[in-house]
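A short write-up of the structure that comes next.
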Amino acid sequence: MMIGAAAVGGFLVVDLGALALANNLVGPGRFTPQVFTDMFVKVFGQHRGFRKNHAKGVVVSGYFEANGNGSELSKAALFAEGRTPVAGRFSLTGGDPYVADAPAAARGLGLAFGFPGTQQWRMAMLNLPVFPDNSPQGFFDRILASKVVPGTGKPDPESMSQFLANHPETTKAMAIVKQHPPTPGFADSTFGSLIAFYFVNESGTPTPVRWSFAPMQQAHPPASGDNALFDALIGQMRSEPLRWRLVLTVGQPSDPVTDATLPWPADRREVDTGVLTLTSIETERPGNARDINFDPLVLPDGIEPSDDPLLSPRSAVYAASFQQRSKQTPGPSAVQVDEVRQ
């Protein structure tokens, strides 16, 4: 099921409105969206027309079939029984659109759920159990420290050691990440919000929630070559739709809602709200999800942001990146779907 031009156009209307955020400060002192986008260029190089982060990716589309259970927590139209079209994008972290796939690289999934008018929901998720940072400063410092040293293929160990010494929250988060090694591919990855939001039901009751998409299939073994993870995904989607269950994890008053490096207890109640089915995969091109800004603050009525300090900065930097790349012509995508052999 493809997302039509009208639906993608509806997404872009919101993108243009979001550009007003691009001049806001996103942290203490000197942190503006421009400072962040410049930092990505410094670390990953200049790649005109591509995203500053999660630059390498492929476009997907499909639908979400809600079972009605989510309406207990949120009045968002998405959770009423029925089907909602979805446009999305699988990606790898980092600002180099031509980087070779690495099994340990963090994988991203951006989704945009379409509604009439302004009732849209967008999200940018990772296949990690927690986020490595809990502040704009921490994120900025970590990306700088991770810059690869020419000739070694690795970050400078002294810079990384100094970063971790200054950010014990990241040291603890990375220990949790190491306890959850990545699965073989995109198709069997669990993708989570990591950041908490508030779901508001028809009675006006707010509930802290983190969500995840739990895979309903195993992944095909990775292919060979620089696009191994993406090629395996493409081959699998040609043979079958891929499905994930959207699971809401319900927070309690004692659970942290402003620190994405901290996990919630494993015994928290979970609500299965329905199934995401992805049916089509395409190379990025003008007019498809390449041009969607997966701004996490584009929310429908019934979902509200928490006070997590990463949310507003992410929105502002995403808008600045979108503004820059929308004026540039990108080179060809490293992942050419039609060229992948089964």
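For the structure tokens, the naming scheme is as follows: chains receive sequential letters (A, B, ...) according to their order of presentation, residues are indexed from 1 within each chain, and ligands are indexed from 1 in presentation order.
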
| query | Quick one: residues within 10 Å of Thr183 of chain A, only C-alpha atoms counted, chain neighbours fewer than 5 positions away excluded, as a list in words? | reply |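 Listed by chain and then number, they are Pro103, Ala104, Asn127, Asp188, Ser189, Thr190, Gln218 and Ala219 of chain A.
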
Please produce a file of those selected residues containing C-alpha atoms, as a PDB file, in the first residue's frame.
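See result-v7.pdb below for the written result:
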ATOM      1  CA  PRO A 103      25.812  -4.764  12.561  1.00  0.00           C
ATOM      2  CA  ALA A 104      26.356  -2.829  15.800  1.00  0.00           C
ATOM      3  CA  ASN A 127      16.529  -0.059  18.380  1.00  0.00           C
ATOM      4  CA  ASP A 188      13.511  -8.285  13.852  1.00  0.00           C
ATOM      5  CA  SER A 189      14.518  -5.082  15.656  1.00  0.00           C
ATOM      6  CA  THR A 190      12.364  -3.582  18.380  1.00  0.00           C
ATOM      7  CA  GLN A 218      12.600 -13.010  12.188  1.00  0.00           C
ATOM      8  CA  ALA A 219      15.001 -11.161   9.898  1.00  0.00           C
TER       9      ALA A 219
END

| Exercise: Ser326 of chain A partners within 10 Å, only C-alpha atoms, chain neighbours under 3 positions left out, as a PyMOL selection string | chain A and resi 48-51+286+291+320-323+329-330

Print the selection's residues with N, CA and C atoms to a file, as a short mmCIF file (atom, residue, chain, number, x, y, z; two decimals), in the first residue's frame.
data_model
loop_
_atom_site.label_atom_id
_atom_site.label_comp_id
_atom_site.auth_asym_id
_atom_site.auth_seq_id
_atom_site.Cartn_x
_atom_site.Cartn_y
_atom_site.Cartn_z
N ARG A 48 25.47 17.34 0.96
CA ARG A 48 24.38 18.24 0.61
C ARG A 48 23.13 17.45 0.21
N GLY A 49 21.99 17.91 0.75
CA GLY A 49 20.72 17.31 0.42
C GLY A 49 20.34 16.12 1.27
N PHE A 50 21.23 15.70 2.17
CA PHE A 50 20.93 14.57 3.05
C PHE A 50 20.69 15.07 4.48
N ARG A 51 20.05 14.23 5.27
CA ARG A 51 19.84 14.54 6.68
C ARG A 51 21.19 14.65 7.38
N PRO A 286 12.44 12.51 -4.48
CA PRO A 286 11.53 13.62 -4.20
C PRO A 286 10.09 13.14 -4.15
N ASP A 291 11.33 13.28 2.06
CA ASP A 291 11.05 14.70 2.31
C ASP A 291 10.19 14.91 3.57
N ALA A 320 15.79 22.65 11.42
CA ALA A 320 16.92 23.32 10.78
C ALA A 320 17.55 22.44 9.71
N SER A 321 17.70 21.15 10.01
CA SER A 321 18.25 20.22 9.03
C SER A 321 17.34 20.12 7.82
N PHE A 322 16.03 20.03 8.07
CA PHE A 322 15.06 19.96 6.96
C PHE A 322 15.15 21.21 6.09
N GLN A 323 15.24 22.37 6.73
CA GLN A 323 15.32 23.63 5.99
C GLN A 323 16.55 23.66 5.10
N THR A 329 20.33 19.75 -3.64
CA THR A 329 20.10 18.56 -4.45
C THR A 329 21.03 17.47 -3.97
N PRO A 330 20.48 16.37 -3.44
CA PRO A 330 21.36 15.30 -2.94
C PRO A 330 21.92 14.46 -4.07
#

| request: Can you work out which one of A:Phe139, A:Phe90, A:Phe186, A:Phe230 has the shortest atom-to-atom distance to Ala260 of chain A, counting only C-alpha atoms? | output: A:Phe139

| request: Using DSSP on the backbone, list every residue of segment 48-102 of chain A that comes out as strand (DSSP E), and give them as a ChimeraX atom specification. | output: /A:56-66,82-92

| field | Residues near Pro296 of chain A, cut-off 9 Å, only C-alpha atoms, skip fewer than 5 positions along chain, as an MDAnalysis selection string | value | chainID A and resid 121:124 305 311:312 314:315

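Distances to Phe79 of chain A were evaluated for A:Thr261, A:Ser254, A:Thr273, A:Asn288 using only C-alpha atoms, and the minimum falls at A:Thr273.
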
Who sits within 12 Å of Phe294 of chain A, only C-alpha atoms, same chain under 5 positions skipped, as a PDB file with C-alpha atoms, in the first residue's frame:
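And here is the file that came out, selection08.pdb:
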ATOM      1  CA  PHE A  11       3.035  15.927   5.897  1.00  0.00           C
ATOM      2  CA  LEU A  12       5.069  18.666   4.222  1.00  0.00           C
ATOM      3  CA  VAL A  14       3.487  20.612   8.851  1.00  0.00           C
ATOM      4  CA  ASP A  15       7.203  20.570   7.997  1.00  0.00           C
ATOM      5  CA  ALA A  18       7.910  23.622  11.965  1.00  0.00           C
ATOM      6  CA  ARG A  51      19.842  14.541   6.684  1.00  0.00           C
ATOM      7  CA  ASN A  53      21.911  12.528  11.171  1.00  0.00           C
ATOM      8  CA  HIS A  54      20.460   9.195  10.055  1.00  0.00           C
ATOM      9  CA  ALA A  87       4.888   6.554   5.655  1.00  0.00           C
ATOM     10  CA  GLY A  88       8.274   5.741   7.129  1.00  0.00           C
ATOM     11  CA  ARG A  89      12.004   5.409   6.811  1.00  0.00           C
ATOM     12  CA  PHE A  90      14.569   2.902   8.073  1.00  0.00           C
ATOM     13  CA  GLY A 108      16.370   4.069  13.296  1.00  0.00           C
ATOM     14  CA  LEU A 109      12.735   3.950  12.261  1.00  0.00           C
ATOM     15  CA  GLY A 110      10.854   7.151  11.539  1.00  0.00           C
ATOM     16  CA  LEU A 111       7.083   6.947  11.066  1.00  0.00           C
ATOM     17  CA  ALA A 112       4.423   9.454  10.045  1.00  0.00           C
ATOM     18  CA  PHE A 113       0.792   8.493  10.605  1.00  0.00           C
ATOM     19  CA  GLN A 120      -0.754  13.663  12.361  1.00  0.00           C
ATOM     20  CA  TRP A 121       1.620  11.718  14.565  1.00  0.00           C
ATOM     21  CA  ARG A 122       5.313  11.479  13.851  1.00  0.00           C
ATOM     22  CA  MET A 123       8.039   9.651  15.662  1.00  0.00           C
ATOM     23  CA  ALA A 124      11.768   8.951  15.386  1.00  0.00           C
ATOM     24  CA  MET A 125      12.750   5.735  17.167  1.00  0.00           C
ATOM     25  CA  ALA A 289       9.288   9.933   2.843  1.00  0.00           C
ATOM     26  CA  LEU A 299       1.472  15.073  17.806  1.00  0.00           C
ATOM     27  CA  ARG A 314      15.325  17.587  18.681  1.00  0.00           C
ATOM     28  CA  SER A 315      12.366  19.328  17.092  1.00  0.00           C
ATOM     29  CA  ALA A 316      14.332  22.519  16.457  1.00  0.00           C
ATOM     30  CA  VAL A 317      17.408  20.765  15.052  1.00  0.00           C
ATOM     31  CA  TYR A 318      15.261  18.507  12.847  1.00  0.00           C
ATOM     32  CA  ALA A 319      13.582  21.621  11.454  1.00  0.00           C
ATOM     33  CA  SER A 321      18.251  20.222   9.035  1.00  0.00           C
ATOM     34  CA  PHE A 322      15.065  19.961   6.965  1.00  0.00           C
TER      35      PHE A 322
END

| Which polymer residues have any atom within 7 Å of an atom of Arg83 of chain A, counting only C-alpha atoms, with same-chain residues fewer than 5 positions away left out, as a list of chain:residue names? |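 Final neighbour list, sorted by chain and number: A:Tyr63, A:Phe64, A:Glu65, A:Ala66.
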
| message | As an exercise, work out the distance from atom CA of Trp264 of chain A to atom CA of Asn67 of chain A in Å and give it to one decimal place. | response | 25.1 Å

| field | Selection: 10 Å around segment 202-206 of chain A, only C-alpha atoms, excl. self and same-chain fewer than 5 positions, as an NGL selection string | value | :A and (71-76 or 197 or 302-304)

| task | Please run DSSP on the backbone and report, as number ranges by chain, all residues within segment 81-236 of chain A that come out as helix (DSSP H, G or I). | result | A: 136-145, 157-166, 168-178, 228-236

| field | Which of A:Pro241, A:Asp101, A:Glu282, A:Val275 sits closest to Pro222 of chain A [using only C-alpha atoms] | value | A:Asp101

| Exercise: segment 143-156 of chain A partners within 8 Å, only C-alpha atoms, chain neighbours under 6 positions left out, as a ChimeraX atom specification | /A:39-40,43-44,163

Emit the selected residues as an mmCIF file, in the first residue's frame, including C-alpha atoms.
data_model
loop_
_atom_site.group_PDB
_atom_site.id
_atom_site.type_symbol
_atom_site.label_atom_id
_atom_site.label_comp_id
_atom_site.auth_asym_id
_atom_site.auth_seq_id
_atom_site.Cartn_x
_atom_site.Cartn_y
_atom_site.Cartn_z
ATOM 1 C CA MET A 39 28.738 20.032 14.410
ATOM 2 C CA PHE A 40 27.324 17.175 12.317
ATOM 3 C CA VAL A 43 32.066 15.134 12.416
ATOM 4 C CA PHE A 44 30.638 13.458 9.291
ATOM 5 C CA PHE A 163 33.599 12.540 27.478
#

| What is the distance between atom CA of Ser224 of chain A and atom CA of Val335 of chain A, in Å to one decimal? |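 Value for the atom CA of Ser224 of chain A-atom CA of Val335 of chain A distance: 13.4 Å.
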
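Distances to Lys56 of chain A were evaluated for A:Arg107, A:Lys42, A:Arg238, A:Arg245 using only C-alpha atoms, and the minimum falls at A:Arg107.
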
| By how many Å are atom CA of Pro332 of chain A and atom CA of Val58 of chain A apart? |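 We find that atom CA of Pro332 of chain A and atom CA of Val58 of chain A lie 11.9 Å from each other.
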